[in-house]
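Student: Here you go, upload_17.pdb (PDB, C-alpha atoms and all ligand atoms):
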```pdb
ATOM      1  CA  MET Y   1       0.000   0.000   0.000
ATOM      2  CA  ALA Y   2       2.970   2.318   0.543
ATOM      3  CA  THR Y   3       3.384   2.182  -3.244
ATOM      4  CA  VAL Y   4      -0.009   3.856  -3.671
ATOM      5  CA  TYR Y   5       1.157   6.717  -1.436
ATOM      6  CA  VAL Y   6       4.417   7.157  -3.382
ATOM      7  CA  ILE Y   7       2.567   7.174  -6.728
ATOM      8  CA  LEU Y   8      -0.054   9.687  -5.532
ATOM      9  CA  LEU Y   9       2.605  11.884  -3.907
ATOM     10  CA  THR Y  10       4.737  11.843  -7.071
ATOM     11  CA  LEU Y  11       1.764  12.798  -9.283
ATOM     12  CA  HIS Y  12       0.757  15.544  -6.798
ATOM     13  CA  ASN Y  13       4.360  16.793  -6.735
ATOM     14  CA  LEU Y  14       4.739  16.904 -10.540
ATOM     15  CA  ASN Y  15       1.266  18.305 -11.220
ATOM     16  CA  ARG Y  16       2.174  21.272  -8.971
ATOM     17  CA  TRP Y  17       4.523  22.415 -11.788
ATOM     18  CA  LEU Y  18       1.741  22.059 -14.376
ATOM     19  CA  VAL Y  19      -0.497  24.208 -12.137
ATOM     20  CA  LEU Y  20       2.191  26.911 -11.958
ATOM     21  CA  LEU Y  21       3.083  26.723 -15.674
ATOM     22  CA  THR Y  22      -0.506  26.861 -16.938
ATOM     23  CA  GLY Y  23      -1.231  29.723 -14.487
ATOM     24  CA  VAL Y  24       1.699  31.764 -15.818
ATOM     25  CA  TRP Y  25       0.697  30.855 -19.399
ATOM     26  CA  THR Y  26      -2.823  32.179 -18.677
ATOM     27  CA  LEU Y  27      -1.397  35.478 -17.386
ATOM     28  CA  ILE Y  28       0.936  35.800 -20.395
ATOM     29  CA  ARG Y  29      -2.109  35.502 -22.715
ATOM     30  CA  SER Y  30      -4.591  37.572 -20.715
ATOM     31  CA  VAL Y  31      -2.632  40.516 -19.206
ATOM     32  CA  PRO Y  32      -1.719  42.128 -22.598
ATOM     33  CA  GLY Y  33      -5.346  41.678 -23.716
ATOM     34  CA  ILE Y  34      -6.608  44.098 -21.038
ATOM     35  CA  GLY Y  35      -5.083  47.128 -22.725
ATOM     36  CA  ARG Y  36      -5.781  46.062 -26.314
ATOM     37  CA  ARG Y  37      -8.987  45.970 -28.298
ATOM     38  CA  SER Y  38      -8.345  42.420 -29.506
ATOM     39  CA  PRO Y  39     -10.995  39.674 -29.294
ATOM     40  CA  PHE Y  40     -10.840  36.940 -26.638
ATOM     41  CA  THR Y  41     -10.214  33.891 -28.859
ATOM     42  CA  PRO Y  42     -10.150  30.120 -28.212
ATOM     43  CA  ALA Y  43      -6.346  30.470 -28.002
ATOM     44  CA  ASP Y  44      -6.908  32.718 -24.964
ATOM     45  CA  ARG Y  45      -9.455  30.314 -23.437
ATOM     46  CA  ARG Y  46      -7.098  27.290 -23.821
ATOM     47  CA  PRO Y  47      -4.558  28.164 -21.074
ATOM     48  CA  LEU Y  48      -7.355  29.104 -18.675
ATOM     49  CA  ALA Y  49      -9.098  25.757 -19.260
ATOM     50  CA  ALA Y  50      -5.790  23.919 -18.795
ATOM     51  CA  PHE Y  51      -5.126  25.860 -15.573
ATOM     52  CA  VAL Y  52      -8.536  24.986 -14.093
ATOM     53  CA  GLY Y  53      -8.049  21.356 -15.155
ATOM     54  CA  THR Y  54      -4.661  21.024 -13.447
ATOM     55  CA  VAL Y  55      -5.959  22.697 -10.252
ATOM     56  CA  HIS Y  56      -8.926  20.288 -10.151
ATOM     57  CA  LEU Y  57      -6.614  17.313 -10.712
ATOM     58  CA  GLN Y  58      -4.410  18.580  -7.860
ATOM     59  CA  LEU Y  59      -7.450  18.785  -5.575
ATOM     60  CA  ILE Y  60      -8.461  15.194  -6.417
ATOM     61  CA  LEU Y  61      -4.912  13.869  -5.876
ATOM     62  CA  GLY Y  62      -4.711  15.800  -2.590
ATOM     63  CA  LEU Y  63      -8.020  14.395  -1.336
ATOM     64  CA  LEU Y  64      -6.856  10.865  -2.235
ATOM     65  CA  LEU Y  65      -3.600  11.497  -0.346
ATOM     66  CA  TYR Y  66      -5.500  12.682   2.723
ATOM     67  CA  ALA Y  67      -7.834   9.679   2.546
ATOM     68  CA  PHE Y  68      -4.905   7.294   2.145
ATOM     69  CA  LEU Y  69      -2.891   8.762   5.032
ATOM     70  CA  GLY Y  70      -6.051   8.822   7.173
ATOM     71  CA  MET Y  71      -6.751   5.133   6.499
ATOM     72  CA  GLN Y  72      -3.164   4.270   7.463
ATOM     73  CA  GLY Y  73      -3.372   6.425  10.604
ATOM     74  CA  ALA Y  74      -0.230   8.201   9.346
ATOM     75  CA  PRO Y  75       0.434  11.888  10.137
ATOM     76  CA  VAL Y  76      -0.079  14.420   7.323
ATOM     77  CA  PHE Y  77       2.844  16.817   6.794
ATOM     78  CA  ALA Y  78       4.859  15.337   9.652
ATOM     79  CA  GLY Y  79       7.779  17.652  10.430
ATOM     80  CA  ALA Y  80       6.120  20.756   8.944
ATOM     81  CA  PRO Y  81       7.506  24.077  10.281
ATOM     82  CA  ASN Y  82       4.128  24.858  11.843
ATOM     83  CA  ALA Y  83       1.662  22.377  13.303
ATOM     84  CA  GLY Y  84      -1.364  23.817  11.504
ATOM     85  CA  PHE Y  85       0.196  23.509   8.035
ATOM     86  CA  GLN Y  86      -1.918  20.531   7.008
ATOM     87  CA  TRP Y  87      -5.097  22.591   7.525
ATOM     88  CA  GLN Y  88      -3.633  25.620   5.743
ATOM     89  CA  HIS Y  89      -2.684  23.363   2.816
ATOM     90  CA  LEU Y  90      -6.127  21.778   2.673
ATOM     91  CA  GLY Y  91      -8.019  25.077   3.132
ATOM     92  CA  LEU Y  92      -5.997  27.139   0.648
ATOM     93  CA  GLY Y  93      -6.016  24.225  -1.842
ATOM     94  CA  VAL Y  94      -9.818  23.989  -1.794
ATOM     95  CA  LEU Y  95     -10.057  27.804  -2.003
ATOM     96  CA  ALA Y  96      -7.700  27.811  -5.020
ATOM     97  CA  ALA Y  97      -9.920  25.265  -6.792
ATOM     98  CA  ILE Y  98     -12.922  27.533  -6.107
ATOM     99  CA  THR Y  99     -11.245  30.767  -7.317
ATOM    100  CA  ALA Y 100      -9.926  29.057 -10.474
ATOM    101  CA  THR Y 101     -13.403  27.691 -11.271
ATOM    102  CA  VAL Y 102     -15.134  31.015 -10.571
ATOM    103  CA  GLY Y 103     -12.625  32.850 -12.806
ATOM    104  CA  SER Y 104     -13.207  30.493 -15.697
ATOM    105  CA  ALA Y 105     -17.012  30.581 -15.326
ATOM    106  CA  LEU Y 106     -17.184  34.381 -14.979
ATOM    107  CA  SER Y 107     -14.904  34.931 -17.970
ATOM    108  CA  ARG Y 108     -17.498  33.086 -20.097
ATOM    109  CA  ARG Y 109     -20.336  35.276 -18.856
ATOM    110  CA  VAL Y 110     -18.705  38.698 -19.097
ATOM    111  CA  PRO Y 111     -20.041  40.251 -22.333
ATOM    112  CA  THR Y 112     -16.966  42.196 -23.520
ATOM    113  CA  ASP Y 113     -13.614  40.805 -24.691
ATOM    114  CA  GLN Y 114     -11.715  43.236 -22.472
ATOM    115  CA  GLY Y 115     -13.832  42.108 -19.513
ATOM    116  CA  LYS Y 116     -12.963  38.480 -20.278
ATOM    117  CA  PHE Y 117      -9.228  39.291 -20.284
ATOM    118  CA  ARG Y 118      -9.589  41.265 -17.013
ATOM    119  CA  THR Y 119     -11.602  38.523 -15.301
ATOM    120  CA  ALA Y 120      -9.166  35.788 -16.405
ATOM    121  CA  THR Y 121      -6.219  37.877 -15.177
ATOM    122  CA  THR Y 122      -7.683  38.775 -11.767
ATOM    123  CA  TRP Y 123      -8.919  35.305 -10.765
ATOM    124  CA  THR Y 124      -5.842  33.535 -12.105
ATOM    125  CA  ALA Y 125      -3.541  35.922 -10.212
ATOM    126  CA  VAL Y 126      -5.497  35.361  -6.964
ATOM    127  CA  THR Y 127      -5.426  31.581  -7.491
ATOM    128  CA  LEU Y 128      -1.687  31.597  -8.219
ATOM    129  CA  LEU Y 129      -1.033  33.627  -5.071
ATOM    130  CA  LEU Y 130      -2.966  31.104  -2.954
ATOM    131  CA  VAL Y 131      -1.077  28.226  -4.603
ATOM    132  CA  LEU Y 132       2.320  29.862  -4.020
ATOM    133  CA  LEU Y 133       1.433  30.408  -0.344
ATOM    134  CA  MET Y 134       0.330  26.824   0.284
ATOM    135  CA  ILE Y 135       3.074  24.856  -1.483
ATOM    136  CA  PRO Y 136       5.304  23.075   1.072
ATOM    137  CA  TRP Y 137       8.512  24.493  -0.422
ATOM    138  CA  TRP Y 138      10.721  22.560   2.024
ATOM    139  CA  ARG Y 139       9.643  19.250   0.408
ATOM    140  CA  PRO Y 140      11.400  17.887  -2.760
ATOM    141  CA  LEU Y 141      10.967  20.116  -5.815
ATOM    142  CA  LEU Y 142      10.909  17.013  -8.027
ATOM    143  CA  ARG Y 143       9.844  13.660  -6.669
ATOM    144  CA  LEU Y 144      10.160  10.656  -8.952
ATOM    145  CA  PHE Y 145       8.548   7.684  -7.232
ATOM    146  CA  THR Y 146      10.659   7.912  -4.064
ATOM    147  CA  ALA Y 147       9.296   7.991  -0.515
TER     148      ALA Y 147
HETATM  149  C1  LIG H 201      -3.153  23.687  -6.267
HETATM  150  C2  LIG H 201      -3.148  23.162  -5.096
HETATM  151  C3  LIG H 201      -2.054  22.320  -4.478
HETATM  152  C4  LIG H 201      -0.692  22.319  -4.676
HETATM  153  C5  LIG H 201       0.106  23.197  -5.617
HETATM  154  C6  LIG H 201      -0.145  21.314  -3.797
HETATM  155  C7  LIG H 201       1.183  20.986  -3.696
HETATM  156  C8  LIG H 201       1.715  20.023  -2.876
HETATM  157  C9  LIG H 201       3.094  19.641  -2.834
HETATM  158  C10 LIG H 201       4.195  20.269  -3.675
HETATM  159  C11 LIG H 201       3.221  18.639  -1.930
HETATM  160  C12 LIG H 201       4.510  17.920  -1.527
HETATM  161  C13 LIG H 201       4.709  16.722  -2.432
HETATM  162  C14 LIG H 201       5.972  15.972  -2.096
HETATM  163  O1  LIG H 201       6.376  15.917  -0.928
HETATM  164  O2  LIG H 201       6.565  15.411  -3.022
HETATM  165  C15 LIG H 201       1.910  18.371  -1.384
HETATM  166  C16 LIG H 201       1.641  17.400  -0.464
HETATM  167  C17 LIG H 201       0.361  17.075  -0.058
HETATM  168  N1  LIG H 201      -0.796  17.711  -0.422
HETATM  169 FE1  LIG H 201      -0.991  19.223  -1.750
HETATM  170  N2  LIG H 201      -1.171  20.717  -3.105
HETATM  171  C18 LIG H 201      -2.348  21.312  -3.483
HETATM  172  C19 LIG H 201      -3.602  21.032  -3.038
HETATM  173  C20 LIG H 201      -3.902  20.077  -2.107
HETATM  174  C21 LIG H 201      -5.207  19.797  -1.616
HETATM  175  C22 LIG H 201      -6.467  20.558  -2.026
HETATM  176  C23 LIG H 201      -5.090  18.770  -0.731
HETATM  177  C24 LIG H 201      -6.125  18.076   0.056
HETATM  178  C25 LIG H 201      -7.377  18.028  -0.246
HETATM  179  C26 LIG H 201      -3.697  18.413  -0.662
HETATM  180  C27 LIG H 201      -3.171  17.416   0.103
HETATM  181  C28 LIG H 201      -1.844  17.083   0.219
HETATM  182  C29 LIG H 201      -1.330  15.976   1.013
HETATM  183  C30 LIG H 201      -2.157  15.029   1.866
HETATM  184  C31 LIG H 201       0.059  15.973   0.840
HETATM  185  C32 LIG H 201       1.049  14.960   1.424
HETATM  186  C33 LIG H 201       1.366  15.232   2.865
HETATM  187  C34 LIG H 201       2.323  14.186   3.419
HETATM  188  O3  LIG H 201       2.942  13.431   2.657
HETATM  189  O4  LIG H 201       2.470  14.152   4.655
HETATM  190  N3  LIG H 201      -2.990  19.234  -1.506
HETATM  191  N4  LIG H 201       1.008  19.229  -1.983
END
```
Here is a file; write its structure as structure tokens.
Ligand code: HEM
Tutor:
Amino acid sequence: MATVYVILLTLHNLNRWLVLLTGVWTLIRSVPGIGRRSPFTPADRRPLAAFVGTVHLQLILGLLLYAFLGMQGAPVFAGAPNAGFQWQHLGLGVLAAITATVGSALSRRVPTDQGKFRTATTWTAVTLLLVLLMIPWWRPLLRLFTA
């Protein structure tokens, strides 16, 4: 069963980079659009959709990790610099999934192209900030199927 933990942890570790990359990609596409009069095209929607997808995947992997550690009676984030980190990680992670989803949904409803760029930028920036705050940076930056 320890193998399941290592696989989930590795996927959660690696997908963190996809979350960050797709978030930055979204900002690179949407920030310049705020000042221009260009249309919000499918090429602008693509990074946002990928960002929301990777955040949702991260949430699912995280919930599976919590469930697995809970079933084993193992501590979550043992050795974290502060004792409440596991709750900060869980809370900010769920919040990030909500802000990413809201940003994507609102950007579809806003009627103007400029509004779409502004909405995508604001909610992606907030989500990225939450993600940067909750990443346990003291853990391995790249984990490849090691405990
Ligand atoms: C975008 C959001 C998230 C990011 C970027 C993120 C990132 C990370 C990273 C980098 C690790 C360390 C992996 C390693 O040691 O190799 C980790 C561990 C973990 N994360 Fe997340 N996470 C996110 C959301 C969540 C959520 C929402 C949950 C729970 C529902 C969660 C639960 C966990 C658990 C249980 C661990 C392992 C703790 C342990 O091994 O003691 N994560 N996370």
Student: Can you list, as a ChimeraX atom specification, the residues that the PyMOL selection byres (((not hetatm)) within 8 of (chain H and resi 201)) selects here?
Tutor: /Y:9-10,12-17,19-20,54-56,58-67,69,75-78,86,89-94,96-97,131-132,134-137,139-143
Student: Restricting the calculation to all atoms listed in the file, which member of Y:Leu11, Y:Gly23, Y:Gly35, Y:Asp113 is positioned closest to Y:Leu130?
Tutor: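 Residue with the minimum atom-to-atom distance to Y:Leu130: Y:Gly23.
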Student: Would you kindly translate the PyMOL selection byres (((chain Y and resi 31) around 12) and not hetatm) into the concrete residues it picks from this file, as a list in words?
Tutor: Gly23, Val24, Trp25, Thr26, Leu27, Ile28, Arg29, Ser30, Pro32, Gly33, Ile34, Gly35, Arg36, Ser38, Phe40, Asp44, Gln114, Gly115, Lys116, Phe117, Arg118, Thr119, Ala120, Thr121, Thr122, Trp123, Thr124 and Ala125 of chain Y
Student: How many Å separate atom CA of Y:Trp138 from atom CA of Y:Gly79?
Tutor: 10.2 Å
Student: Have a look at Y:Thr146, Y:Gln72, Y:Thr127, Y:Thr22 and name the one nearest to Y:Thr101; count all atoms listed in the file.
Tutor: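 Selected residue with least distance to Y:Thr101: Y:Thr127.
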Student: Counting only C-alpha atoms, which of Y:Ala2, Y:Leu129, Y:Ile98, Y:Leu18 gets nearest to Y:Met71?
Tutor: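 Looking only at the distances to Y:Met71, the closest residue turns out to be Y:Ala2.
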Student: What does the distance from atom CA of Y:Thr99 to atom CA of Y:Leu128 come to in Å, to one decimal?
Tutor: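 If I compute the distance from atom CA of Y:Thr99 to atom CA of Y:Leu128, I get 9.6 Å.
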Student: Give me stretch 17-39 of chain Y with N, CA and C atoms filled in, as a short mmCIF file (atom, residue, chain, number, x, y, z; two decimals), in the frame of the given file.
Tutor:
```cif
data_model
loop_
_atom_site.label_atom_id
_atom_site.label_comp_id
_atom_site.auth_asym_id
_atom_site.auth_seq_id
_atom_site.Cartn_x
_atom_site.Cartn_y
_atom_site.Cartn_z
N TRP Y 17 3.83 21.62 -10.77
CA TRP Y 17 4.52 22.42 -11.79
C TRP Y 17 3.60 22.73 -12.96
N LEU Y 18 2.71 21.78 -13.30
CA LEU Y 18 1.74 22.06 -14.38
C LEU Y 18 0.77 23.16 -13.95
N VAL Y 19 0.38 23.14 -12.66
CA VAL Y 19 -0.50 24.21 -12.14
C VAL Y 19 0.20 25.56 -12.32
N LEU Y 20 1.47 25.63 -11.89
CA LEU Y 20 2.19 26.91 -11.96
C LEU Y 20 2.42 27.34 -13.41
N LEU Y 21 2.80 26.38 -14.26
CA LEU Y 21 3.08 26.72 -15.67
C LEU Y 21 1.83 27.19 -16.41
N THR Y 22 0.72 26.47 -16.22
CA THR Y 22 -0.51 26.86 -16.94
C THR Y 22 -1.04 28.19 -16.38
N GLY Y 23 -0.82 28.44 -15.08
CA GLY Y 23 -1.23 29.72 -14.49
C GLY Y 23 -0.45 30.87 -15.10
N VAL Y 24 0.86 30.71 -15.22
CA VAL Y 24 1.70 31.76 -15.82
C VAL Y 24 1.34 31.93 -17.30
N TRP Y 25 1.10 30.82 -17.98
CA TRP Y 25 0.70 30.86 -19.40
C TRP Y 25 -0.61 31.66 -19.55
N THR Y 26 -1.55 31.43 -18.63
CA THR Y 26 -2.82 32.18 -18.68
C THR Y 26 -2.56 33.68 -18.54
N LEU Y 27 -1.68 34.05 -17.59
CA LEU Y 27 -1.40 35.48 -17.39
C LEU Y 27 -0.70 36.07 -18.61
N ILE Y 28 0.22 35.29 -19.21
CA ILE Y 28 0.94 35.80 -20.40
C ILE Y 28 -0.05 36.10 -21.53
N ARG Y 29 -1.12 35.29 -21.66
CA ARG Y 29 -2.11 35.50 -22.72
C ARG Y 29 -3.09 36.61 -22.34
N SER Y 30 -3.47 36.68 -21.05
CA SER Y 30 -4.59 37.57 -20.72
C SER Y 30 -4.18 38.99 -20.30
N VAL Y 31 -3.01 39.16 -19.65
CA VAL Y 31 -2.63 40.52 -19.21
C VAL Y 31 -2.53 41.49 -20.38
N PRO Y 32 -1.81 41.16 -21.49
CA PRO Y 32 -1.72 42.13 -22.60
C PRO Y 32 -3.09 42.43 -23.22
N GLY Y 33 -4.02 41.49 -23.12
CA GLY Y 33 -5.35 41.68 -23.72
C GLY Y 33 -6.15 42.77 -23.03
N ILE Y 34 -5.82 43.09 -21.78
CA ILE Y 34 -6.61 44.10 -21.04
C ILE Y 34 -6.50 45.46 -21.71
N GLY Y 35 -5.30 45.80 -22.15
CA GLY Y 35 -5.08 47.13 -22.72
C GLY Y 35 -5.40 47.20 -24.21
N ARG Y 36 -5.55 46.05 -24.86
CA ARG Y 36 -5.78 46.06 -26.31
C ARG Y 36 -7.27 45.97 -26.63
N ARG Y 37 -7.58 46.13 -27.89
CA ARG Y 37 -8.99 45.97 -28.30
C ARG Y 37 -9.15 44.65 -29.06
N SER Y 38 -8.29 43.69 -28.76
CA SER Y 38 -8.35 42.42 -29.51
C SER Y 38 -9.42 41.50 -28.93
N PRO Y 39 -9.96 40.59 -29.77
CA PRO Y 39 -11.00 39.67 -29.29
C PRO Y 39 -10.41 38.57 -28.41
#
```
